[in-house]
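A.B. asks: Okay, so here is data00.cif, and as you'll see once you scroll down, it has mmCIF, C-alpha atoms.
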data_model
loop_
_atom_site.label_atom_id
_atom_site.label_comp_id
_atom_site.auth_asym_id
_atom_site.auth_seq_id
_atom_site.Cartn_x
_atom_site.Cartn_y
_atom_site.Cartn_z
CA MET B 27 -19.96 -92.09 107.23
CA ARG B 28 -22.58 -90.66 104.96
CA THR B 29 -19.94 -89.65 102.38
CA HIS B 30 -18.37 -93.09 102.45
CA PHE B 31 -21.80 -94.63 102.00
CA GLN B 32 -22.52 -92.26 99.13
CA ARG B 33 -19.25 -93.22 97.43
CA ASP B 34 -20.05 -96.92 97.79
CA LEU B 35 -23.54 -96.33 96.48
CA ASP B 36 -22.20 -94.43 93.44
CA GLN B 37 -19.83 -97.32 92.78
CA MET B 38 -22.73 -99.75 93.03
CA GLN B 39 -24.77 -97.69 90.59
CA LEU B 40 -21.92 -97.74 88.11
CA HIS B 41 -21.84 -101.52 88.34
CA ILE B 42 -25.55 -101.86 87.83
CA LEU B 43 -25.44 -99.45 84.89
CA GLY B 44 -22.61 -101.49 83.38
CA MET B 45 -24.72 -104.59 83.82
CA ALA B 46 -27.69 -102.93 82.12
CA ALA B 47 -25.45 -101.99 79.17
CA MET B 48 -24.35 -105.64 78.96
CA VAL B 49 -27.98 -106.75 78.93
CA GLU B 50 -28.82 -104.26 76.18
CA ARG B 51 -25.95 -105.59 74.08
CA VAL B 52 -27.11 -109.15 74.69
CA ILE B 53 -30.67 -108.31 73.55
CA ASP B 54 -29.19 -106.71 70.44
CA GLN B 55 -27.02 -109.71 69.65
CA THR B 56 -29.88 -112.10 70.31
CA ILE B 57 -32.24 -110.32 67.94
CA ARG B 58 -29.55 -110.14 65.26
CA ALA B 59 -28.93 -113.87 65.71
CA PHE B 60 -32.69 -114.39 65.45
CA GLN B 61 -33.04 -112.29 62.29
CA THR B 62 -30.01 -113.64 60.48
CA ARG B 63 -30.20 -117.21 61.85
CA GLN B 64 -26.53 -117.18 62.81
CA PRO B 65 -25.89 -120.04 65.23
CA GLY B 66 -22.44 -118.56 65.98
CA LEU B 67 -23.99 -115.36 67.27
CA ALA B 68 -26.54 -117.29 69.34
CA GLU B 69 -23.76 -119.39 70.88
CA GLU B 70 -21.88 -116.20 71.75
CA VAL B 71 -24.94 -114.98 73.69
CA ILE B 72 -25.14 -118.29 75.56
CA ARG B 73 -21.43 -118.28 76.42
CA GLY B 74 -21.48 -114.60 77.48
CA ASP B 75 -24.17 -115.24 80.10
CA GLU B 76 -21.49 -116.35 82.55
CA ASN B 77 -20.11 -112.80 82.73
CA ILE B 78 -23.51 -111.41 83.64
CA ASP B 79 -24.00 -114.13 86.26
CA GLN B 80 -20.65 -113.24 87.82
CA GLU B 81 -21.56 -109.57 87.80
CA GLU B 82 -24.87 -110.40 89.50
CA ASN B 83 -23.07 -112.32 92.24
CA PHE B 84 -20.60 -109.47 92.67
CA VAL B 85 -23.32 -106.81 92.99
CA GLU B 86 -25.25 -108.94 95.48
CA GLU B 87 -22.18 -109.46 97.64
CA GLU B 88 -21.38 -105.73 97.52
CA CYS B 89 -24.94 -104.88 98.58
CA LEU B 90 -24.67 -107.27 101.53
CA LYS B 91 -21.36 -105.67 102.49
CA MET B 92 -22.90 -102.21 102.31
CA LEU B 93 -25.84 -103.28 104.47
CA ALA B 94 -23.51 -104.81 107.06
CA LEU B 95 -20.95 -101.99 107.01
CA HIS B 96 -23.11 -98.86 106.80
CA GLN B 97 -26.31 -100.24 108.32
CA PRO B 98 -28.34 -97.73 106.32
CA VAL B 99 -31.88 -96.77 107.25
CA ALA B 100 -34.80 -95.02 105.53
CA VAL B 101 -34.20 -93.99 101.91
CA ASP B 102 -30.60 -95.29 101.85
CA LEU B 103 -31.80 -98.72 102.93
CA ARG B 104 -34.52 -98.66 100.28
CA ARG B 105 -31.97 -97.78 97.61
CA ILE B 106 -29.76 -100.75 98.47
CA VAL B 107 -32.74 -103.10 98.49
CA ALA B 108 -33.74 -101.60 95.12
CA VAL B 109 -30.26 -102.37 93.75
CA LEU B 110 -30.66 -105.97 94.95
CA LYS B 111 -33.97 -106.26 93.12
CA ILE B 112 -32.77 -104.53 89.94
CA ASN B 113 -29.76 -106.82 89.98
CA GLY B 114 -32.06 -109.83 89.99
CA ASP B 115 -34.20 -108.36 87.22
CA LEU B 116 -31.18 -107.72 85.00
CA GLU B 117 -29.88 -111.24 85.49
CA ARG B 118 -33.28 -112.69 84.54
CA MET B 119 -33.34 -110.51 81.42
CA ALA B 120 -30.01 -112.00 80.38
CA ASP B 121 -31.37 -115.50 81.09
CA LEU B 122 -34.38 -114.78 78.89
CA SER B 123 -32.02 -113.66 76.12
CA VAL B 124 -30.22 -116.98 76.48
CA ASN B 125 -33.58 -118.72 76.12
CA ILE B 126 -34.17 -116.79 72.88
CA ALA B 127 -30.66 -117.69 71.67
CA GLU B 128 -31.44 -121.36 72.36
CA ARG B 129 -34.57 -120.98 70.22
CA VAL B 130 -32.41 -119.52 67.44
CA LEU B 131 -30.27 -122.66 67.52
CA MET B 132 -33.46 -124.73 67.16
CA LEU B 133 -34.74 -122.49 64.36
CA GLY B 134 -31.59 -123.33 62.41
CA GLU B 135 -33.12 -126.69 61.54
CA GLY B 136 -36.04 -127.23 59.17
CA PRO B 137 -37.68 -124.90 56.63
CA THR B 138 -37.17 -121.16 56.94
CA LEU B 139 -40.02 -119.13 58.34
CA PRO B 140 -40.26 -115.45 57.34
CA PHE B 141 -38.92 -113.28 60.18
CA PRO B 142 -41.70 -111.03 61.55
CA GLY B 143 -40.49 -107.45 60.99
CA LYS B 144 -42.23 -106.22 64.11
CA VAL B 145 -39.90 -108.28 66.31
CA GLN B 146 -37.11 -105.80 65.54
CA TRP B 147 -39.37 -102.94 66.57
CA MET B 148 -40.38 -104.75 69.75
CA ALA B 149 -36.72 -105.36 70.58
CA GLU B 150 -35.92 -101.66 70.09
CA VAL B 151 -38.67 -100.58 72.47
CA THR B 152 -37.54 -103.22 74.98
CA LYS B 153 -33.91 -102.02 74.90
CA GLN B 154 -35.09 -98.44 75.43
CA MET B 155 -37.10 -99.62 78.41
CA VAL B 156 -34.05 -101.32 79.92
CA ARG B 157 -31.87 -98.22 79.45
CA GLN B 158 -34.45 -95.71 80.64
CA SER B 159 -35.55 -97.73 83.65
CA LEU B 160 -31.93 -97.70 84.86
CA GLU B 161 -31.56 -94.01 84.04
CA ALA B 162 -34.72 -93.37 86.03
CA PHE B 163 -33.21 -95.26 88.97
CA VAL B 164 -29.89 -93.43 88.93
CA GLN B 165 -31.56 -90.01 88.50
CA MET B 166 -34.42 -90.94 90.86
CA ASP B 167 -36.74 -89.70 88.09
CA ALA B 168 -40.31 -90.91 88.65
CA HIS B 169 -41.52 -89.14 85.51
CA LEU B 170 -39.13 -91.12 83.30
CA ALA B 171 -40.02 -94.31 85.20
CA ARG B 172 -43.71 -93.77 84.46
CA ARG B 173 -42.85 -93.32 80.78
CA VAL B 174 -41.11 -96.73 80.83
CA ILE B 175 -44.23 -98.27 82.41
CA ARG B 176 -46.36 -96.85 79.58
CA MET B 177 -43.92 -98.18 76.96
CA ASP B 178 -44.77 -101.67 78.13
CA ASP B 179 -48.20 -101.20 76.56
CA ASP B 180 -46.49 -100.79 73.15
CA VAL B 181 -44.55 -103.99 73.71
CA ASP B 182 -47.72 -105.85 74.69
CA ARG B 183 -49.52 -104.56 71.58
CA LEU B 184 -46.64 -105.57 69.28
CA ASN B 185 -46.48 -108.94 71.01
CA LYS B 186 -50.16 -109.52 70.30
CA GLU B 187 -49.87 -108.44 66.66
CA ILE B 188 -46.87 -110.71 66.03
CA ILE B 189 -48.66 -113.67 67.60
CA ASP B 190 -51.77 -113.04 65.49
CA GLU B 191 -49.56 -113.08 62.36
CA LEU B 192 -47.90 -116.30 63.55
CA ILE B 193 -51.26 -117.99 64.05
CA VAL B 194 -52.32 -117.23 60.48
CA LEU B 195 -48.98 -118.51 59.21
CA MET B 196 -49.09 -121.74 61.22
CA GLN B 197 -52.69 -122.41 60.21
CA SER B 198 -51.89 -122.04 56.51
CA GLN B 199 -48.57 -123.93 56.70
CA PRO B 200 -48.82 -126.79 59.23
CA GLY B 201 -45.26 -127.81 58.32
CA CYS B 202 -44.10 -124.60 60.00
CA VAL B 203 -45.68 -125.35 63.39
CA THR B 204 -42.42 -126.32 65.12
CA GLN B 205 -40.63 -123.21 63.86
CA GLY B 206 -43.67 -121.06 64.56
CA LEU B 207 -43.64 -122.22 68.19
CA SER B 208 -39.97 -121.26 68.45
CA VAL B 209 -40.72 -117.75 67.17
CA PHE B 210 -43.75 -117.56 69.48
CA SER B 211 -41.61 -118.57 72.41
CA ALA B 212 -38.82 -116.11 71.56
CA VAL B 213 -41.32 -113.25 71.25
CA ARG B 214 -42.84 -114.14 74.61
CA HIS B 215 -39.37 -114.09 76.17
CA LEU B 216 -38.81 -110.63 74.72
CA GLU B 217 -42.10 -109.49 76.19
CA ARG B 218 -40.99 -110.84 79.55
CA ILE B 219 -37.73 -108.88 79.34
CA ALA B 220 -39.85 -105.75 78.93
CA ASP B 221 -41.85 -106.83 82.00
CA HIS B 222 -38.64 -106.91 84.06
CA ALA B 223 -37.82 -103.37 82.89
CA THR B 224 -41.33 -102.41 84.00
CA ASN B 225 -40.66 -103.96 87.42
CA ILE B 226 -37.56 -101.79 87.75
CA ALA B 227 -39.49 -98.67 86.72
CA GLU B 228 -42.21 -99.48 89.26
CA ASP B 229 -39.60 -99.84 91.99
CA VAL B 230 -38.22 -96.43 91.01
CA VAL B 231 -41.62 -94.75 91.28
CA TYR B 232 -42.07 -96.40 94.66
CA LEU B 233 -38.62 -95.25 95.78
CA VAL B 234 -39.23 -91.67 94.70
CA GLU B 235 -42.84 -91.30 95.66
CA GLY B 236 -42.96 -93.75 98.53
CA GLU B 237 -46.09 -95.41 97.26
CA ILE B 238 -46.50 -98.96 96.14
CA ILE B 239 -47.74 -98.76 92.58
CA ARG B 240 -46.64 -102.19 91.53
CA HIS B 241 -49.98 -103.76 92.22
CA ARG B 242 -52.28 -100.95 91.16
CA LEU B 243 -54.48 -100.87 88.11
CA PRO B 244 -52.93 -99.57 84.84
CA GLU B 245 -55.03 -96.38 85.02
CA ALA B 246 -53.43 -95.42 88.32
CA VAL B 247 -49.95 -96.11 86.92
CA ALA B 248 -50.37 -94.16 83.70
CA GLY B 249 -51.18 -90.87 85.47
CA MET Y 24 -31.65 -108.16 120.90
CA ARG Y 25 -30.85 -111.49 119.34
CA THR Y 26 -34.02 -113.01 120.80
CA HIS Y 27 -36.14 -110.14 119.54
CA PHE Y 28 -34.60 -110.52 116.11
CA GLN Y 29 -35.20 -114.27 116.21
CA ARG Y 30 -38.85 -113.69 117.10
CA ASP Y 31 -39.28 -111.24 114.24
CA LEU Y 32 -37.56 -113.66 111.87
CA ASP Y 33 -39.84 -116.53 112.96
CA GLN Y 34 -42.81 -114.27 112.35
CA MET Y 35 -41.48 -113.42 108.91
CA GLN Y 36 -41.01 -117.09 108.09
CA LEU Y 37 -44.60 -117.81 109.08
CA HIS Y 38 -45.74 -115.11 106.66
CA ILE Y 39 -43.63 -116.41 103.82
CA LEU Y 40 -44.86 -119.98 104.49
CA GLY Y 41 -48.42 -118.69 104.41
CA MET Y 42 -47.71 -117.00 101.12
CA ALA Y 43 -46.25 -120.24 99.70
CA ALA Y 44 -49.40 -122.10 100.76
CA MET Y 45 -51.48 -119.46 98.96
CA VAL Y 46 -49.37 -119.91 95.82
CA GLU Y 47 -49.78 -123.69 95.98
CA ARG Y 48 -53.56 -123.28 96.23
CA VAL Y 49 -53.51 -120.88 93.29
CA ILE Y 50 -51.55 -123.35 91.13
CA ASP Y 51 -54.07 -126.03 92.08
CA GLN Y 52 -57.05 -123.84 91.20
CA THR Y 53 -55.44 -122.75 87.95
CA ILE Y 54 -54.79 -126.28 86.78
CA ARG Y 55 -58.32 -127.31 87.72
CA ALA Y 56 -59.65 -124.33 85.77
CA PHE Y 57 -57.42 -125.38 82.88
CA GLN Y 58 -58.58 -129.03 82.96
CA THR Y 59 -62.26 -128.35 83.41
CA ARG Y 60 -62.40 -125.11 81.35
CA GLN Y 61 -64.28 -123.30 84.09
CA PRO Y 62 -64.07 -119.55 83.44
CA GLY Y 63 -65.44 -118.90 86.94
CA LEU Y 64 -62.50 -120.70 88.54
CA ALA Y 65 -60.04 -118.84 86.33
CA GLU Y 66 -61.61 -115.51 87.26
CA GLU Y 67 -61.31 -116.45 90.93
CA VAL Y 68 -57.55 -116.95 90.44
CA ILE Y 69 -57.26 -113.56 88.75
CA ARG Y 70 -59.24 -111.78 91.48
CA GLY Y 71 -57.32 -113.54 94.27
CA ASP Y 72 -53.98 -112.22 93.03
CA GLU Y 73 -54.56 -108.97 94.90
CA ASN Y 74 -54.24 -110.77 98.25
CA ILE Y 75 -50.87 -112.20 97.29
CA ASP Y 76 -49.69 -108.78 96.06
CA GLN Y 77 -50.67 -107.24 99.39
CA GLU Y 78 -48.89 -110.01 101.24
CA GLU Y 79 -45.76 -109.38 99.14
CA ASN Y 80 -45.82 -105.68 99.97
CA PHE Y 81 -46.32 -106.48 103.65
CA VAL Y 82 -43.38 -108.92 103.78
CA GLU Y 83 -41.12 -106.47 101.96
CA GLU Y 84 -41.98 -103.68 104.39
CA GLU Y 85 -41.39 -105.99 107.35
CA CYS Y 86 -38.00 -106.99 105.97
CA LEU Y 87 -37.02 -103.33 105.57
CA LYS Y 88 -38.13 -102.68 109.16
CA MET Y 89 -36.08 -105.62 110.40
CA LEU Y 90 -33.00 -104.40 108.52
CA ALA Y 91 -33.41 -100.88 109.92
CA LEU Y 92 -34.27 -101.98 113.46
CA HIS Y 93 -31.92 -104.91 114.08
CA GLN Y 94 -29.17 -104.01 111.59
CA PRO Y 95 -28.29 -107.68 111.24
CA VAL Y 96 -24.95 -108.86 109.90
CA ALA Y 97 -23.51 -112.12 108.58
CA VAL Y 98 -25.96 -115.03 108.38
CA ASP Y 99 -28.88 -113.04 109.84
CA LEU Y 100 -28.46 -110.41 107.13
CA ARG Y 101 -28.34 -113.12 104.47
CA ARG Y 102 -31.52 -114.67 105.79
CA ILE Y 103 -33.43 -111.39 105.56
CA VAL Y 104 -32.15 -110.79 102.04
CA ALA Y 105 -33.18 -114.37 101.21
CA VAL Y 106 -36.71 -113.63 102.49
CA LEU Y 107 -36.82 -110.56 100.23
CA LYS Y 108 -35.85 -112.66 97.24
CA ILE Y 109 -38.18 -115.56 98.06
CA ASN Y 110 -40.97 -113.03 98.52
CA GLY Y 111 -40.36 -111.76 94.98
CA ASP Y 112 -40.23 -115.30 93.59
CA LEU Y 113 -43.54 -116.23 95.23
CA GLU Y 114 -45.24 -113.15 93.88
CA ARG Y 115 -44.01 -113.90 90.36
CA MET Y 116 -45.30 -117.47 90.67
CA ALA Y 117 -48.74 -116.09 91.48
CA ASP Y 118 -48.47 -113.73 88.50
CA LEU Y 119 -47.63 -116.66 86.24
CA SER Y 120 -50.69 -118.50 87.56
CA VAL Y 121 -52.76 -115.45 86.64
CA ASN Y 122 -51.27 -115.63 83.14
CA ILE Y 123 -52.35 -119.28 82.92
CA ALA Y 124 -55.83 -118.35 84.18
CA GLU Y 125 -56.04 -115.70 81.45
CA ARG Y 126 -55.17 -118.39 78.90
CA VAL Y 127 -57.98 -120.54 80.31
CA LEU Y 128 -60.42 -117.70 79.64
CA MET Y 129 -59.15 -117.59 76.04
CA LEU Y 130 -59.38 -121.38 75.73
CA GLY Y 131 -63.07 -121.11 76.52
CA GLU Y 132 -63.69 -119.94 72.98
CA GLY Y 133 -63.42 -122.11 69.88
CA PRO Y 134 -63.20 -125.91 69.48
CA THR Y 135 -62.14 -128.03 72.44
CA LEU Y 136 -58.61 -129.36 72.43
CA PRO Y 137 -57.90 -132.56 74.42
CA PHE Y 138 -56.26 -131.67 77.73
CA PRO Y 139 -52.73 -133.14 77.89
CA GLY Y 140 -52.76 -135.53 80.87
CA LYS Y 141 -49.13 -134.81 81.65
CA VAL Y 142 -49.97 -131.20 82.59
CA GLN Y 143 -51.58 -132.48 85.78
CA TRP Y 144 -48.42 -134.43 86.60
CA MET Y 145 -46.24 -131.41 85.83
CA ALA Y 146 -48.40 -129.27 88.12
CA GLU Y 147 -48.08 -131.81 90.94
CA VAL Y 148 -44.29 -131.82 90.71
CA THR Y 149 -44.28 -128.01 90.56
CA LYS Y 150 -46.42 -127.70 93.70
CA GLN Y 151 -44.12 -130.12 95.52
CA MET Y 152 -41.17 -127.97 94.46
CA VAL Y 153 -42.82 -124.84 95.85
CA ARG Y 154 -43.62 -126.52 99.18
CA GLN Y 155 -40.26 -128.24 99.60
CA SER Y 156 -38.18 -125.21 98.60
CA LEU Y 157 -39.86 -123.25 101.39
CA GLU Y 158 -39.47 -126.15 103.82
CA ALA Y 159 -35.79 -126.27 102.90
CA PHE Y 160 -35.52 -122.54 103.66
CA VAL Y 161 -37.22 -122.73 107.03
CA GLN Y 162 -35.27 -125.84 108.08
CA MET Y 163 -32.07 -124.56 106.41
CA ASP Y 164 -31.89 -127.99 104.76
CA ALA Y 165 -29.46 -127.97 101.81
CA HIS Y 166 -30.12 -131.63 101.11
CA LEU Y 167 -33.83 -131.03 100.56
CA ALA Y 168 -33.02 -127.92 98.51
CA ARG Y 169 -30.82 -129.97 96.19
CA ARG Y 170 -33.66 -132.45 95.77
CA VAL Y 171 -35.91 -129.59 94.64
CA ILE Y 172 -33.26 -128.52 92.12
CA ARG Y 173 -33.18 -132.05 90.70
CA MET Y 174 -37.00 -132.13 90.46
CA ASP Y 175 -36.78 -129.28 87.98
CA ASP Y 176 -35.31 -131.77 85.49
CA ASP Y 177 -38.56 -133.78 85.69
CA VAL Y 178 -40.55 -130.62 85.01
CA ASP Y 179 -38.36 -129.76 82.03
CA ARG Y 180 -38.74 -133.28 80.64
CA LEU Y 181 -42.54 -133.22 81.03
CA ASN Y 182 -42.62 -129.75 79.47
CA LYS Y 183 -40.75 -131.03 76.42
CA GLU Y 184 -42.97 -134.10 76.06
CA ILE Y 185 -46.17 -132.05 76.29
CA ILE Y 186 -44.88 -129.59 73.68
CA ASP Y 187 -43.93 -132.44 71.32
CA GLU Y 188 -47.49 -133.78 71.64
CA LEU Y 189 -48.91 -130.31 70.99
CA ILE Y 190 -46.82 -129.93 67.83
CA VAL Y 191 -48.18 -133.19 66.39
CA LEU Y 192 -51.72 -132.09 67.26
CA MET Y 193 -51.38 -128.63 65.73
CA GLN Y 194 -49.81 -130.03 62.57
CA SER Y 195 -52.63 -132.49 62.06
CA GLN Y 196 -55.39 -130.04 63.02
CA PRO Y 197 -54.51 -126.51 61.84
CA GLY Y 198 -57.86 -125.29 63.16
CA CYS Y 199 -56.53 -125.92 66.67
CA VAL Y 200 -53.46 -123.66 66.32
CA THR Y 201 -54.87 -120.80 68.43
CA GLN Y 202 -55.90 -123.13 71.23
CA GLY Y 203 -52.68 -125.09 70.91
CA LEU Y 204 -50.71 -121.88 71.44
CA SER Y 205 -52.73 -121.14 74.58
CA VAL Y 206 -51.91 -124.57 75.98
CA PHE Y 207 -48.28 -124.15 74.94
CA SER Y 208 -48.14 -120.82 76.71
CA ALA Y 209 -49.80 -122.12 79.87
CA VAL Y 210 -47.39 -125.05 80.06
CA ARG Y 211 -44.42 -122.70 79.65
CA HIS Y 212 -45.75 -120.56 82.49
CA LEU Y 213 -45.98 -123.66 84.68
CA GLU Y 214 -42.39 -124.49 83.80
CA ARG Y 215 -41.40 -120.98 84.81
CA ILE Y 216 -43.14 -121.38 88.18
CA ALA Y 217 -40.93 -124.42 88.75
CA ASP Y 218 -37.91 -122.28 87.80
CA HIS Y 219 -38.78 -119.82 90.55
CA ALA Y 220 -38.97 -122.70 93.06
CA THR Y 221 -35.54 -123.74 91.80
CA ASN Y 222 -34.26 -120.19 92.41
CA ILE Y 223 -35.46 -120.42 96.00
CA ALA Y 224 -33.81 -123.81 96.46
CA GLU Y 225 -30.54 -122.46 95.05
CA ASP Y 226 -30.67 -119.54 97.46
CA VAL Y 227 -31.15 -122.02 100.31
CA VAL Y 228 -28.11 -124.07 99.30
CA TYR Y 229 -26.12 -120.85 99.10
CA LEU Y 230 -27.35 -119.74 102.51
CA VAL Y 231 -26.49 -123.05 104.12
CA GLU Y 232 -23.27 -123.83 102.35
CA GLY Y 233 -22.14 -120.29 101.61
CA GLU Y 234 -21.36 -121.08 98.03
CA ILE Y 235 -22.98 -119.57 94.99
CA ILE Y 236 -24.36 -122.50 93.05
CA ARG Y 237 -26.90 -120.55 91.08
CA HIS Y 238 -24.61 -120.11 88.14
CA ARG Y 239 -22.84 -123.45 88.17
CA LEU Y 240 -23.29 -126.23 85.68
CA PRO Y 241 -26.08 -128.77 86.40
CA GLU Y 242 -23.48 -131.48 87.17
CA ALA Y 243 -22.11 -129.42 90.04
CA VAL Y 244 -25.60 -128.76 91.37
CA ALA Y 245 -26.86 -132.32 91.22
CA GLY Y 246 -24.12 -133.73 93.50
#
Represent the supplied structure as structure tokens.
C.D. replies:
Amino acid sequence: MRTHFQRDLDQMQLHILGMAAMVERVIDQTIRAFQTRQPGLAEEVIRGDENIDQEENFVEEECLKMLALHQPVAVDLRRIVAVLKINGDLERMADLSVNIAERVLMLGEGPTLPFPGKVQWMAEVTKQMVRQSLEAFVQMDAHLARRVIRMDDDVDRLNKEIIDELIVLMQSQPGCVTQGLSVFSAVRHLERIADHATNIAEDVVYLVEGEIIRHRLPEAVAG
Amino acid sequence: MRTHFQRDLDQMQLHILGMAAMVERVIDQTIRAFQTRQPGLAEEVIRGDENIDQEENFVEEECLKMLALHQPVAVDLRRIVAVLKINGDLERMADLSVNIAERVLMLGEGPTLPFPGKVQWMAEVTKQMVRQSLEAFVQMDAHLARRVIRMDDDVDRLNKEIIDELIVLMQSQPGCVTQGLSVFSAVRHLERIADHATNIAEDVVYLVEGEIIRHRLPEAVAG
């Protein structure tokens, strides 16, 4: 029974890793669409969301089957529930990418605003967070998970710097307010994607160490 | 066994209803803090978040216990998994309220921007969505859940109208850009709270009708 469960769990982890890779690709595509203002690329992101939605439904159904079939307890039960939660986080990340892609389509109209270079940097850190939070889950590596949680501080700092630059730009060029708001919104979505990766990392620390760190102060998390 | 499970499930539903009531109160407080620019009220929202976090942890632990103890299958299993997901949605709603409260603290500084009257309306619809999505879950009422899903269109429309007004304001008064962005951000957070209520309502429809509507087109959902 245990072996069968383990095989199903491995299978499930492969699926969730595949989903994370899809999400990383989507973030990549979205930021490229954002940088190059290619509506075609943005539309591709929006269309591709259906695949991730289907994958989410599949993983959820498989988790329910595993719960019903193996009736796991203790750490096995926690792992399945963690997969359910990670699954939800990944799907929301993809949704947020779609929101950014929709902003890109809006940006297409009107005067061109200079693309803040730090957005690329922020996207790179965010993708790393997505990848490493999943790695931390599969390896049950609390140390790596804590590193992901700390990376979120970099994303928050970049987010703040980009917004400060946007404010200066919008104040000096009121004609750019509409476009500025689109960039602002897109950057906030990116920051929220990083938050979901942080949620995953926090769940991993909890899984490994059996303590709820999600709602602790940052000092306690950084340790 | 069934009766014991039913009793535990009822207990769990009471907890999740209590949590929803807390979230409604928090939204209320946040919008009042926003309207009246009372930093004290905003700080109260931020401090109170700890209670909701503790409640979330409690509900999650109880769900895990129920899964381990009763090893439910079929619809009972789905209901527990639904509670886990609703629990996460409610906690995120409270987090988003905290984000709005943080914006209120920032709004305190600088010149005063007129408060968009439609925000109050948007908040009212959002609170209704929170309450009715939970009612729909407890009553297993797919009809009510679909009504909640349709209400999200009203929130989206109000969100768009408020943002259009903000754009005009920021274009005509560049000195208000920083404050305008805070209002923009707060309104987007409110819209996202409504999205979480929609998620809950979609889960209810799925629970009752056994079909995954989350990733269907709006036409299919509205029916």
A.B. asks: For the file shown, report as a PyMOL selection string the outcome of the PyMOL selection byres ((chain Y) within 6 of (chain B)) at residue level.
C.D. replies: chain Y and resi 91+94+96+194+197
A.B. asks: Separation of CA of Ile54 in chain Y and CA of Gln143 in chain Y, in Å?
C.D. replies: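 Value for the CA of Ile54 in chain Y-CA of Gln143 in chain Y distance: 7.1 Å.
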A.B. asks: Please indicate the distance in Å from CA of Ala127 in chain B to CA of Ile72 in chain B, rounded to one decimal place.
C.D. replies: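 It comes out at 6.8 Å.
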A.B. asks: Show which residues sit within 12 Å of Leu43 in chain B, as a tab-separated table (two decimals) with C-alpha atoms, in the frame of the given file. Count all atoms listed in the file, and ignore same-chain residues fewer than 2 positions away.
C.D. replies:
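Saved result, around.tsv, follows:
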chain	number	residue	atom	x	y	z
B	36	ASP	CA	-22.20	-94.43	93.44
B	37	GLN	CA	-19.83	-97.32	92.78
B	38	MET	CA	-22.73	-99.75	93.03
B	39	GLN	CA	-24.77	-97.69	90.59
B	40	LEU	CA	-21.92	-97.74	88.11
B	41	HIS	CA	-21.84	-101.52	88.34
B	45	MET	CA	-24.72	-104.59	83.82
B	46	ALA	CA	-27.69	-102.93	82.12
B	47	ALA	CA	-25.45	-101.99	79.17
B	48	MET	CA	-24.35	-105.64	78.96
B	49	VAL	CA	-27.98	-106.75	78.93
B	50	GLU	CA	-28.82	-104.26	76.18
B	81	GLU	CA	-21.56	-109.57	87.80
B	82	GLU	CA	-24.87	-110.40	89.50
B	85	VAL	CA	-23.32	-106.81	92.99
B	109	VAL	CA	-30.26	-102.37	93.75
B	112	ILE	CA	-32.77	-104.53	89.94
B	113	ASN	CA	-29.76	-106.82	89.98
B	116	LEU	CA	-31.18	-107.72	85.00
B	156	VAL	CA	-34.05	-101.32	79.92
B	157	ARG	CA	-31.87	-98.22	79.45
B	158	GLN	CA	-34.45	-95.71	80.64
B	159	SER	CA	-35.55	-97.73	83.65
B	160	LEU	CA	-31.93	-97.70	84.86
B	161	GLU	CA	-31.56	-94.01	84.04
B	162	ALA	CA	-34.72	-93.37	86.03
B	163	PHE	CA	-33.21	-95.26	88.97
B	164	VAL	CA	-29.89	-93.43	88.93
B	165	GLN	CA	-31.56	-90.01	88.50
A.B. asks: Distance CA of Glu184 in chain Y-CA of Trp144 in chain Y, one decimal place?
C.D. replies: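 Distance between the two atoms: 11.9 Å.
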A.B. asks: Can you find the residues with an atom no farther than 12 Å from (-24.2, -121.7, 104.1), counting all atoms listed in the file, and report them as a PyMOL selection string?
C.D. replies: chain Y and resi 97-99+101-102+105+160+163-166+225-236
A.B. asks: Hey, what comes out of the PyMOL selection byres ((chain Y and resi 58) around 9) on this file? Could you write it as a ChimeraX atom specification?
C.D. replies: /Y:53-57,59-61,127,138-140,142-143
A.B. asks: Can you work out which one of B:Gln55, B:Gly66, B:Asp115, B:Glu191 has the shortest atom-to-atom distance to Thr224 in chain B, counting only C-alpha atoms?
C.D. replies: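 Going through B:Gln55, B:Gly66, B:Asp115, B:Glu191 one by one, the smallest distance to Thr224 in chain B is for B:Asp115.
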A.B. asks: Could you spell out the hits of the PyMOL selection byres ((chain B and resi 174) around 8) on the shown file, as a PyMOL selection string?
C.D. replies: chain B and resi 155+158-159+170-173+175-178+223-224+227
